[in-house]
Amino acid sequence: MSTEAGTRPRIATVSLAGCFGCHMSLLDIDERILELAELVEIHKSPIVDRKTFAARCAVGLIEGGCCNAENVETLRAFRDHCDVLVSVGDCATMGGIPALRNRVPLKECLDEAYLSGPSTVNPTGRIPDDPELPLLLDRVYPCHEVVPIDYHVPGCPPPADALWAAVQALLSGEDPVLPYALLKYD
Amino acid sequence: MTAATEVDRLVATHGSEPPALMDIARDIQAAEGCVSPERQRQIAERLDMRIAEVRAFVGFYSFLTEEPQGSIVIRLCDDVVDRMKGFDRVRDAFEEALGVSVGETTPDGAITLTTTPCIGLSDQAPAALIGDVPVPFLSSDRARDIVSSLRVHADPTRLVTRMGDGKNRHPLVRSMVRNNLERPGTFIFGPEYRGEAIRKALSMTPFEVIRTIKTARLRGRGGAGFPTGMKWEFTRVARGARKFIVCNADEGEPGTFKDRVILTELPDRVIAGMTVAGYALGAREGLFYLRGEYAYLRPYLEDVLERRRADGLLGRDILGKRGFDFDVEIRMGAGSYLCGEETALLNSCEGRPGDARDRPPFPAESGYLGFPTSVNNVETLCCVAKILEHGAATFAELGLQQSTGTKVLSVSGDCTRPGIYEVPFGTTLEAVLEMSGGEGAGAVLVGGPSGTWVNPEGFGRRIAFEDLATGGAIVVFGPDRDLLVALEGYADFFAEESCGYCTPCRVGTQLIQRYLQRFREGRADQGDLDGLLRVARTLKTTSRCGLGQTAGNPVLTTLQSFSQVLEAGLPAVGTRRAAFDLEASVAGARALRGGDHV
Ligand SMILES: Cc1cc2nc3c(=O)[nH]c(=O)nc-3n(C[C@H](O)[C@H](O)[C@H](O)COP(=O)(O)O)c2cc1C
Ligand code: SF4
Ligand code: SF4
Ligand code: FES
């Protein structure tokens with residue numbers, strides 16, 4: 001892992017096509033967040049609001065799959081700057097809820113959202129097309145179809161204990177093998 | 001609203017219990033081109049079923065539809081073998097002549113064009129079913145002729161120009177299908193001694209009959225190879241007010257057609273086997289499950305049954321034996337590979353969708369309508385009759401220790417003499433290739449898509465349960481064939497035929513399709529190979545029934561015997577996945593924006 005002597009390992013997190021639920025679950029580790037703060041330096045994450053990588057990170061946690069070109073760009077940057085990349089949650093590992101659109105043609109999705117949906121009020125009759133807006137992908141991709149992913153943590157969201165166990169294991173250089181109790185959802 | 005009188009008439013003919021559903025639905029489909037929601041409601045009422053149950057039934061079978069189809073349905077077999085033999089050209093010719101694409105009906109509602117998996121004519125591909133009429137040896141010229149004839153007389157039976165060989169010429173068959181009996185063995189295809197097997201059986205006690213089958217060490221010919229004597233014993237000792245013998249004539253494994261030829265040439269032998277089983281197991285009722293694709297044989301088989309009744313070989317007090325009653329009823333399938341799986345078959349007979357049941361309980365304990373049932377393959381039952389005729393020792397002398405007797409093989413693909421070969425177990429693949437003119441093959445698929453790919457180094461391997469187990473399909477691939485194309489074809493087959501009950505199979509069969517597509521398009525990387533393997537193995541260990549458990553076999557055995565097909569030139573995984581193309585995946589969104597933005 002890329003830790004210079006005497007420094008804490010850096011980690012990075014991001015939410016791509018997700019709902020932030022996975023990040024909420026990460027915060028759900030409660031007081032262990034203090035322990036985490038001692039263990040690592042959170043380099044780039046919605047929590048610290050840094051825009052670009054300034055250093056190499058040991059672990060990257062990805063929430064959400066890729067639904068647009070910007071997601072792809074961000075994910076690739078994570079791959080390039082993180083030693084170990086983890087897909088966290090069902091959206092990152094499989095596409096999740098956003099991937100429900102995968103069976104509907106893109107145009108129909110946009111029409112429904114911006115023109116003809118029952119709760120839509122759009123007097124301009126235009127689908128947002130500002131060049132600043134990232135282009136949507138033909139479908140929502142799970143992260144491992146875009147870049148190689150080292151580990152997957154399932155769940156929507158994965159329970160805080162599962163995330164904690166996975167992060168702890170990774171930081172101590174072990175294979176994060178989660179016990180059955182942390183993978184059981186009913 | 002359609003009057004219910006037609007349904008009443010069919011109920012009067014076929015019965016008012018759920019098992020009658022298949023015949024009723026098939027008749028309505030044939031007469032009206034669909035089983036409409038209105039009909040479903042009427043049927044449900046008459047059979048005392050829920051509408052949802054009838055709807056699920058109609059939805060399950062590919063020969064039944066809720067939406068209207070043309071008066072004539074042309075089903076092109078699009079199996080891998082047919083694709084090798086010119087399927088594309090035939091399909092194009094049909095599409096052009098009809099003016100519609102596959103999946104569509106001509107505007108006048110006359111003809112629907114569609115595709116279907118193997119219809120049991122792999123040795124005479126490309127082939128199609130037109131109505132119930134099997135049409136072998138198609139070409140684009142023939143396709144055009146067929147369409148113009150149908151436009152004139154609209155009668156598929158009048159397409160029969162030159163009849164096939166043997167009993168395909170029987171007045172009740174009148175089919176263009178050929179037996180291609182290239183090598184009839186002396187055992188199964190040996191001379192007929194009508195009534196002899198039953199006479200021999202009746203001279204023994206039922207337990208002695210079972211012991212005879214055990215001594216012969218007969219194993220099931222339907223694929224799984226379970227010892228028949230043991231299955232019979234389980235069924236014999238199981239408690240039940242009624243017991244059933246089922247003949248499995250669903251023959252759906254792509255590339256298999258030996259049961260069709262046995263049914264055409266030796267139907268008496270099969271029914272004799274069922275009758276012997278009835279005596280041995282104490283069963284009075286037999287069900288003969290005939291795949292929908294073989295409906296053209298039904299009148300002929302009904303006649304065989306009728307003649308056997310007349311001759312005292314079926315019915316009450318068979319051959320004068322007081323109290324030994326046994327009769328056989330034909331039950332139809334309607335286009336589902338899974339229905340060959342024995343528990344799916346039983347569900348189908350009961351008027352349900354043909355998906356597999358959880359086991360245990362096994363059919364021997366709880367089968368048709370919950371009664372002890374022995375399901376046996378056509379060829380197995382044929383062996384039973386011959387074992388009774390000739391004695392267990394004669395049978396056990398043939399073949400190997402764990403594979404006694406002979407095996408009827410269906411050979412197709414790149415060989416000069418495709419057809420039926422009856423060989424003793426233990427025969428090498430090499431010998432089979434030599435007999436059938438398949439020398440120089442690049443690959444052989446033994447046992448159909450759920451079986452094993454064998455490369456030329458493996459041609460010395462033997463057809464036997466101890467080596468290459470097979471229900472009978474031998475598909476030969478010439479040295480220039482692209483096996484990836486074949487693999488993809490078989491992946492399509494499994495994805496289509498999965499009943500969808502369990503996630504590993506429903507999702508896994510589709511993932512395999514997606515992975516293989518990446519390989520064909522040259523976009524795969526090592527990560528795709530790992531993923532493909534993982535899915536194939538997961539299917540094997542976690543699927544509910546044999547379909548899912550074997551759906552990964554083509555991939556797994558390809559990696560053993562033809563690893564280069566998947567591994568050659570495969571890039572390692574770098575920091576990007578090879579298959580993902582950002583430009584291509586935003587092309588649609590870019591076009592929607594009118595192309596004026598980058
Ligand atoms: C998907 C699937 C399809 C099958 N298709 C057939 C078939 O068409 N004919 C057949 O005899 N057995 C078929 N089987 C095997 C049957 O489940 C059963 O083992 C066999 O009919 C038993 O008869 P036997 O012991 O005489 O072989 C199939 C099994 C599976 C899993
Ligand atoms: S996995 Fe669930 S919690 Fe996590 S981003 Fe997706 S929807 Fe939200
Ligand atoms: S393995 Fe496939 S065919 Fe068998 S029950 Fe499961 S989904 Fe259905
Ligand atoms: S009938 Fe076409 S391959 Fe079997």
# chains A, B, ... in the order shown; residues from 1 in each chain; ligands from 1

call {"tool": "residues_around", "arguments": {"residues": "Ala125 in chain B", "least_positions_apart": "2", "cutoff": "10 Å", "atoms": "only C-alpha atoms", "output": "mmCIF file with N, CA, C and O atoms, in the first residue's frame"}}
result
data_model
loop_
_atom_site.group_PDB
_atom_site.id
_atom_site.type_symbol
_atom_site.label_atom_id
_atom_site.label_comp_id
_atom_site.auth_asym_id
_atom_site.auth_seq_id
_atom_site.Cartn_x
_atom_site.Cartn_y
_atom_site.Cartn_z
ATOM 1 N N CYS B 77 -36.074 -24.642 -37.518
ATOM 2 C CA CYS B 77 -35.143 -25.099 -36.490
ATOM 3 C C CYS B 77 -33.882 -24.260 -36.610
ATOM 4 O O CYS B 77 -33.246 -24.233 -37.660
ATOM 5 N N ASP B 78 -33.535 -23.529 -35.535
ATOM 6 C CA ASP B 78 -32.339 -22.687 -35.636
ATOM 7 C C ASP B 78 -31.228 -23.193 -34.728
ATOM 8 O O ASP B 78 -30.432 -22.439 -34.193
ATOM 9 N N ASP B 79 -31.180 -24.502 -34.562
ATOM 10 C CA ASP B 79 -30.114 -25.116 -33.789
ATOM 11 C C ASP B 79 -28.755 -24.894 -34.465
ATOM 12 O O ASP B 79 -28.675 -24.545 -35.634
ATOM 13 N N VAL B 81 -26.614 -26.990 -35.507
ATOM 14 C CA VAL B 81 -26.394 -27.826 -36.689
ATOM 15 C C VAL B 81 -27.069 -27.200 -37.906
ATOM 16 O O VAL B 81 -26.493 -27.136 -38.994
ATOM 17 N N ASP B 82 -28.275 -26.711 -37.721
ATOM 18 C CA ASP B 82 -28.970 -26.077 -38.848
ATOM 19 C C ASP B 82 -28.229 -24.831 -39.308
ATOM 20 O O ASP B 82 -28.155 -24.547 -40.500
ATOM 21 N N ARG B 83 -27.677 -24.094 -38.331
ATOM 22 C CA ARG B 83 -26.921 -22.892 -38.702
ATOM 23 C C ARG B 83 -25.699 -23.305 -39.517
ATOM 24 O O ARG B 83 -25.269 -22.581 -40.418
ATOM 25 N N MET B 84 -25.140 -24.477 -39.230
ATOM 26 C CA MET B 84 -23.998 -24.972 -40.004
ATOM 27 C C MET B 84 -24.425 -25.375 -41.411
ATOM 28 O O MET B 84 -23.641 -25.356 -42.346
ATOM 29 N N LYS B 85 -25.696 -25.777 -41.540
ATOM 30 C CA LYS B 85 -26.147 -26.345 -42.812
ATOM 31 C C LYS B 85 -26.951 -25.355 -43.658
ATOM 32 O O LYS B 85 -27.703 -25.764 -44.537
ATOM 33 N N GLY B 86 -26.856 -24.091 -43.342
ATOM 34 C CA GLY B 86 -27.487 -23.118 -44.238
ATOM 35 C C GLY B 86 -28.783 -22.523 -43.727
ATOM 36 O O GLY B 86 -29.617 -22.070 -44.524
ATOM 37 N N PHE B 87 -28.961 -22.499 -42.419
ATOM 38 C CA PHE B 87 -30.168 -21.904 -41.843
ATOM 39 C C PHE B 87 -30.392 -20.474 -42.334
ATOM 40 O O PHE B 87 -31.508 -20.098 -42.687
ATOM 41 N N CYS B 118 -33.930 -27.396 -31.709
ATOM 42 C CA CYS B 118 -33.889 -28.703 -32.381
ATOM 43 C C CYS B 118 -35.221 -29.450 -32.394
ATOM 44 O O CYS B 118 -35.837 -29.682 -31.374
ATOM 45 N N ILE B 119 -35.665 -29.823 -33.602
ATOM 46 C CA ILE B 119 -36.919 -30.557 -33.739
ATOM 47 C C ILE B 119 -36.664 -32.035 -34.021
ATOM 48 O O ILE B 119 -37.561 -32.751 -34.444
ATOM 49 N N GLY B 120 -35.437 -32.473 -33.784
ATOM 50 C CA GLY B 120 -35.132 -33.897 -33.935
ATOM 51 C C GLY B 120 -34.873 -34.309 -35.371
ATOM 52 O O GLY B 120 -35.122 -35.451 -35.751
ATOM 53 N N LEU B 121 -34.381 -33.381 -36.185
ATOM 54 C CA LEU B 121 -34.076 -33.696 -37.583
ATOM 55 C C LEU B 121 -32.660 -33.236 -37.931
ATOM 56 O O LEU B 121 -32.387 -32.852 -39.066
ATOM 57 N N SER B 122 -31.770 -33.314 -36.953
ATOM 58 C CA SER B 122 -30.430 -32.762 -37.153
ATOM 59 C C SER B 122 -29.688 -33.436 -38.289
ATOM 60 O O SER B 122 -28.789 -32.858 -38.880
ATOM 61 N N ASP B 123 -30.040 -34.711 -38.593
ATOM 62 C CA ASP B 123 -29.347 -35.408 -39.675
ATOM 63 C C ASP B 123 -29.926 -35.030 -41.031
ATOM 64 O O ASP B 123 -29.465 -35.530 -42.059
ATOM 65 N N ALA B 127 -34.050 -27.873 -41.216
ATOM 66 C CA ALA B 127 -35.376 -28.457 -41.168
ATOM 67 C C ALA B 127 -36.347 -27.482 -40.521
ATOM 68 O O ALA B 127 -35.940 -26.509 -39.903
ATOM 69 N N ALA B 128 -37.621 -27.768 -40.701
ATOM 70 C CA ALA B 128 -38.652 -26.915 -40.107
ATOM 71 C C ALA B 128 -39.887 -27.749 -39.811
ATOM 72 O O ALA B 128 -40.064 -28.842 -40.353
ATOM 73 N N VAL B 135 -40.525 -30.843 -42.082
ATOM 74 C CA VAL B 135 -40.005 -30.670 -43.442
ATOM 75 C C VAL B 135 -38.479 -30.661 -43.389
ATOM 76 O O VAL B 135 -37.879 -29.689 -42.934
ATOM 77 N N PRO B 136 -37.839 -31.749 -43.838
ATOM 78 C CA PRO B 136 -36.380 -31.820 -43.773
ATOM 79 C C PRO B 136 -35.735 -31.222 -45.016
ATOM 80 O O PRO B 136 -36.433 -30.833 -45.963
ATOM 81 N N PHE B 137 -34.410 -31.192 -45.016
ATOM 82 C CA PHE B 137 -33.601 -30.828 -46.194
ATOM 83 C C PHE B 137 -34.075 -29.552 -46.873
ATOM 84 O O PHE B 137 -34.374 -29.538 -48.067
ATOM 85 N N LEU B 138 -34.173 -28.483 -46.131
ATOM 86 C CA LEU B 138 -34.636 -27.233 -46.736
ATOM 87 C C LEU B 138 -33.516 -26.556 -47.516
ATOM 88 O O LEU B 138 -32.337 -26.710 -47.207
ATOM 89 N N SER B 139 -33.915 -25.814 -48.532
ATOM 90 C CA SER B 139 -32.981 -24.959 -49.266
ATOM 91 C C SER B 139 -33.757 -23.683 -49.551
ATOM 92 O O SER B 139 -34.963 -23.619 -49.299
ATOM 93 N N SER B 412 -24.773 -36.282 -36.264
ATOM 94 C CA SER B 412 -25.099 -35.209 -37.214
ATOM 95 C C SER B 412 -23.936 -34.242 -37.307
ATOM 96 O O SER B 412 -22.928 -34.399 -36.632
ATOM 97 N N GLY B 413 -24.084 -33.252 -38.154
ATOM 98 C CA GLY B 413 -23.037 -32.246 -38.317
ATOM 99 C C GLY B 413 -22.180 -32.535 -39.533
ATOM 100 O O GLY B 413 -22.677 -33.017 -40.563
#

call {"tool": "interface_residues", "arguments": {"of": "chain B", "to": "chain A", "cutoff": "10 Å", "atoms": "only C-alpha atoms", "output": "list in words"}}
result
Gly527, Asp528, Val573, Gly574, Thr575, Arg576, Arg577, Ala578, Ala579, Phe580, Asp581, Leu582, Glu583, Ala584, Ser585, Val586, Ala587, Gly588, Ala589, Arg590, Leu592, Arg593, Gly594, Asp596, His597 and Val598 of chain B

call {"tool": "write_last_selection", "arguments": {"atoms": "C-alpha atoms", "output": "PDB file, in the first residue's frame"}}
result
ATOM      1  CA  GLY B 527     -11.547 -10.696 -16.314  1.00  0.00           C
ATOM      2  CA  ASP B 528     -14.300 -11.888 -18.665  1.00  0.00           C
ATOM      3  CA  VAL B 573      -6.819  -6.858 -17.232  1.00  0.00           C
ATOM      4  CA  GLY B 574      -5.046  -3.510 -17.055  1.00  0.00           C
ATOM      5  CA  THR B 575      -6.634  -0.464 -15.494  1.00  0.00           C
ATOM      6  CA  ARG B 576      -9.572  -0.473 -17.930  1.00  0.00           C
ATOM      7  CA  ARG B 577     -12.009  -3.215 -18.921  1.00  0.00           C
ATOM      8  CA  ALA B 578     -11.605  -4.099 -22.584  1.00  0.00           C
ATOM      9  CA  ALA B 579     -15.303  -4.502 -23.295  1.00  0.00           C
ATOM     10  CA  PHE B 580     -16.330  -1.015 -22.178  1.00  0.00           C
ATOM     11  CA  ASP B 581     -16.304   1.565 -24.956  1.00  0.00           C
ATOM     12  CA  LEU B 582     -17.111   5.031 -23.669  1.00  0.00           C
ATOM     13  CA  GLU B 583     -17.609   6.567 -27.097  1.00  0.00           C
ATOM     14  CA  ALA B 584     -20.041   3.869 -28.184  1.00  0.00           C
ATOM     15  CA  SER B 585     -21.997   4.026 -24.952  1.00  0.00           C
ATOM     16  CA  VAL B 586     -22.632   7.779 -25.172  1.00  0.00           C
ATOM     17  CA  ALA B 587     -23.413   7.728 -28.898  1.00  0.00           C
ATOM     18  CA  GLY B 588     -27.163   7.432 -28.282  1.00  0.00           C
ATOM     19  CA  ALA B 589     -27.259  10.356 -25.857  1.00  0.00           C
ATOM     20  CA  ARG B 590     -25.131  12.428 -28.191  1.00  0.00           C
ATOM     21  CA  LEU B 592     -30.515  12.772 -28.914  1.00  0.00           C
ATOM     22  CA  ARG B 593     -28.871  16.119 -28.191  1.00  0.00           C
ATOM     23  CA  GLY B 594     -28.813  16.762 -31.876  1.00  0.00           C
ATOM     24  CA  ASP B 596     -24.263  19.964 -31.765  1.00  0.00           C
ATOM     25  CA  HIS B 597     -22.570  19.380 -28.444  1.00  0.00           C
ATOM     26  CA  VAL B 598     -19.444  17.509 -27.680  1.00  0.00           C
TER      27      VAL B 598
END

call {"tool": "residues_near_ligand", "arguments": {"ligand": "ligand 1", "cutoff": "8 Å", "atoms": "only C-alpha atoms and all ligand atoms", "output": "PyMOL selection string"}}
result
chain B and resi 219-228+231+247-253+337-343+375-381+471+545-550

call {"tool": "select_by_dssp", "arguments": {"residues": "range 357-473 of chain B", "states": "strand (DSSP E)", "output": "PyMOL selection string"}}
result
chain B and resi 373-377+406-413+419-424+443-446+452-454+473

call {"tool": "residues_near_ligand", "arguments": {"ligand": "ligand 3", "cutoff": "6 Å", "atoms": "only C-alpha atoms and all ligand atoms", "output": "count of residues only"}}
result
13

call {"tool": "residues_near_ligand", "arguments": {"ligand": "ligand 2", "cutoff": "10 Å", "atoms": "only C-alpha atoms and all ligand atoms", "output": "ChimeraX atom specification"}}
result
/A:15-25,62-65,87-98,153-159

call {"tool": "write_last_selection", "arguments": {"atoms": "N, CA, C and O atoms", "output": "compact mmCIF listing (two decimals), in the first residue's frame"}}
result
# COMPACT_ATOMS: atom_id res chain seq x y z
N SER A 15 -19.46 8.93 -4.58
CA SER A 15 -20.78 8.43 -4.94
C SER A 15 -21.00 8.71 -6.41
O SER A 15 -21.01 9.86 -6.84
N LEU A 16 -21.14 7.66 -7.21
CA LEU A 16 -21.42 7.82 -8.64
C LEU A 16 -22.94 7.77 -8.81
O LEU A 16 -23.63 8.56 -8.20
N ALA A 17 -23.45 6.83 -9.61
CA ALA A 17 -24.90 6.73 -9.74
C ALA A 17 -25.46 5.97 -8.54
O ALA A 17 -25.83 4.81 -8.63
N GLY A 18 -25.46 6.65 -7.41
CA GLY A 18 -25.97 6.06 -6.17
C GLY A 18 -26.83 7.08 -5.46
O GLY A 18 -27.06 8.17 -5.99
N CYS A 19 -27.28 6.73 -4.26
CA CYS A 19 -28.21 7.62 -3.56
C CYS A 19 -27.61 8.20 -2.29
O CYS A 19 -28.29 8.82 -1.51
N PHE A 20 -26.32 7.98 -2.08
CA PHE A 20 -25.62 8.36 -0.86
C PHE A 20 -25.98 7.48 0.32
O PHE A 20 -25.49 7.68 1.42
N GLY A 21 -26.85 6.53 0.10
CA GLY A 21 -27.21 5.62 1.19
C GLY A 21 -26.01 4.85 1.68
O GLY A 21 -25.87 4.59 2.88
N CYS A 22 -25.13 4.48 0.77
CA CYS A 22 -23.96 3.72 1.18
C CYS A 22 -23.03 4.59 2.02
O CYS A 22 -22.42 4.12 2.99
N HIS A 23 -22.93 5.86 1.66
CA HIS A 23 -22.13 6.77 2.49
C HIS A 23 -22.77 6.94 3.86
O HIS A 23 -22.09 6.99 4.88
N MET A 24 -24.09 7.01 3.88
CA MET A 24 -24.78 7.11 5.17
C MET A 24 -24.47 5.90 6.02
O MET A 24 -24.26 6.01 7.23
N SER A 25 -24.43 4.77 5.38
CA SER A 25 -24.15 3.55 6.12
C SER A 25 -22.73 3.59 6.67
O SER A 25 -22.48 3.13 7.79
N ILE A 62 -16.19 2.83 -3.71
CA ILE A 62 -17.07 3.38 -4.73
C ILE A 62 -18.52 3.05 -4.41
O ILE A 62 -18.88 1.88 -4.26
N GLU A 63 -19.34 4.08 -4.31
CA GLU A 63 -20.77 3.87 -4.22
C GLU A 63 -21.38 4.19 -5.59
O GLU A 63 -20.98 5.16 -6.22
N GLY A 64 -22.32 3.36 -6.02
CA GLY A 64 -23.02 3.65 -7.27
C GLY A 64 -22.30 3.12 -8.50
O GLY A 64 -21.08 2.95 -8.52
N GLY A 65 -23.08 2.83 -9.54
CA GLY A 65 -22.51 2.39 -10.81
C GLY A 65 -22.28 3.59 -11.71
O GLY A 65 -22.26 4.74 -11.24
N SER A 87 -16.06 -1.94 -4.73
CA SER A 87 -17.43 -1.58 -5.08
C SER A 87 -18.28 -1.78 -3.83
O SER A 87 -18.35 -2.88 -3.30
N VAL A 88 -18.92 -0.73 -3.39
CA VAL A 88 -19.70 -0.80 -2.16
C VAL A 88 -21.19 -0.66 -2.50
O VAL A 88 -21.60 0.32 -3.11
N GLY A 89 -21.96 -1.66 -2.15
CA GLY A 89 -23.41 -1.58 -2.34
C GLY A 89 -23.86 -2.12 -3.68
O GLY A 89 -23.07 -2.29 -4.63
N ASP A 90 -25.15 -2.39 -3.77
CA ASP A 90 -25.69 -3.06 -4.95
C ASP A 90 -25.60 -2.20 -6.21
O ASP A 90 -25.50 -2.73 -7.32
N CYS A 91 -25.64 -0.87 -6.06
CA CYS A 91 -25.55 -0.03 -7.27
C CYS A 91 -24.17 -0.17 -7.89
O CYS A 91 -24.04 -0.31 -9.11
N ALA A 92 -23.14 -0.15 -7.07
CA ALA A 92 -21.79 -0.26 -7.60
C ALA A 92 -21.53 -1.67 -8.12
O ALA A 92 -20.91 -1.86 -9.17
N THR A 93 -22.03 -2.68 -7.40
CA THR A 93 -21.70 -4.06 -7.79
C THR A 93 -22.55 -4.56 -8.94
O THR A 93 -22.10 -5.39 -9.72
N MET A 94 -23.81 -4.04 -9.07
CA MET A 94 -24.69 -4.61 -10.10
C MET A 94 -25.46 -3.56 -10.90
O MET A 94 -26.23 -3.92 -11.77
N GLY A 95 -25.32 -2.31 -10.55
CA GLY A 95 -26.13 -1.28 -11.21
C GLY A 95 -27.26 -0.82 -10.31
O GLY A 95 -27.64 0.34 -10.33
N GLY A 96 -27.85 -1.77 -9.58
CA GLY A 96 -28.86 -1.44 -8.57
C GLY A 96 -30.08 -0.74 -9.15
O GLY A 96 -30.47 -0.94 -10.30
N ILE A 97 -30.69 0.11 -8.32
CA ILE A 97 -31.93 0.79 -8.71
C ILE A 97 -31.77 1.57 -10.02
O ILE A 97 -32.62 1.47 -10.91
N PRO A 98 -30.70 2.36 -10.18
CA PRO A 98 -30.61 3.12 -11.44
C PRO A 98 -30.65 2.22 -12.68
O PRO A 98 -31.13 2.65 -13.73
N VAL A 153 -18.62 -5.34 -1.96
CA VAL A 153 -19.35 -5.50 -0.70
C VAL A 153 -20.84 -5.36 -1.03
O VAL A 153 -21.29 -4.28 -1.41
N PRO A 154 -21.61 -6.44 -0.91
CA PRO A 154 -23.02 -6.38 -1.30
C PRO A 154 -23.88 -5.71 -0.23
O PRO A 154 -23.43 -5.48 0.89
N GLY A 155 -25.11 -5.43 -0.62
CA GLY A 155 -26.07 -4.85 0.32
C GLY A 155 -26.59 -3.54 -0.19
O GLY A 155 -25.92 -2.85 -0.95
N CYS A 156 -27.79 -3.18 0.21
CA CYS A 156 -28.37 -1.90 -0.21
C CYS A 156 -28.97 -1.21 0.97
O CYS A 156 -30.14 -1.33 1.23
N PRO A 157 -28.17 -0.46 1.69
CA PRO A 157 -26.71 -0.41 1.61
C PRO A 157 -26.10 -1.54 2.42
O PRO A 157 -26.79 -2.16 3.23
N PRO A 158 -24.81 -1.79 2.27
CA PRO A 158 -24.17 -2.76 3.15
C PRO A 158 -24.25 -2.23 4.58
O PRO A 158 -24.12 -1.02 4.79
N PRO A 159 -24.48 -3.12 5.53
CA PRO A 159 -24.56 -2.65 6.91
C PRO A 159 -23.24 -2.00 7.35
O PRO A 159 -22.17 -2.37 6.86

call {"tool": "closest_residue", "arguments": {"among": "B:Gln526, B:Gly460, B:Leu172, B:Gly447", "to": "Glu430 in chain B", "atoms": "only C-alpha atoms"}}
result
B:Gly460

call {"tool": "atom_distance", "arguments": {"atom1": "CA of Gly442 in chain B", "atom2": "CA of Val411 in chain B"}}
result
15.1 Å

call {"tool": "atom_distance", "arguments": {"atom1": "CA of Ala37 in chain A", "atom2": "CA of Pro9 in chain A"}}
result
10.6 Å

call {"tool": "closest_residue", "arguments": {"among": "B:Ile262, B:Ala3, B:Leu76, B:Cys383", "to": "ligand 4", "atoms": "only C-alpha atoms and all ligand atoms"}}
result
B:Leu76

call {"tool": "closest_residue", "arguments": {"among": "B:Thr275, B:Gln402, B:Ser410, B:Ser348", "to": "ligand 4", "atoms": "only C-alpha atoms and all ligand atoms"}}
result
B:Ser410

call {"tool": "atom_distance", "arguments": {"atom1": "CA of Leu182 in chain A", "atom2": "CA of Pro142 in chain A"}}
result
21.9 Å
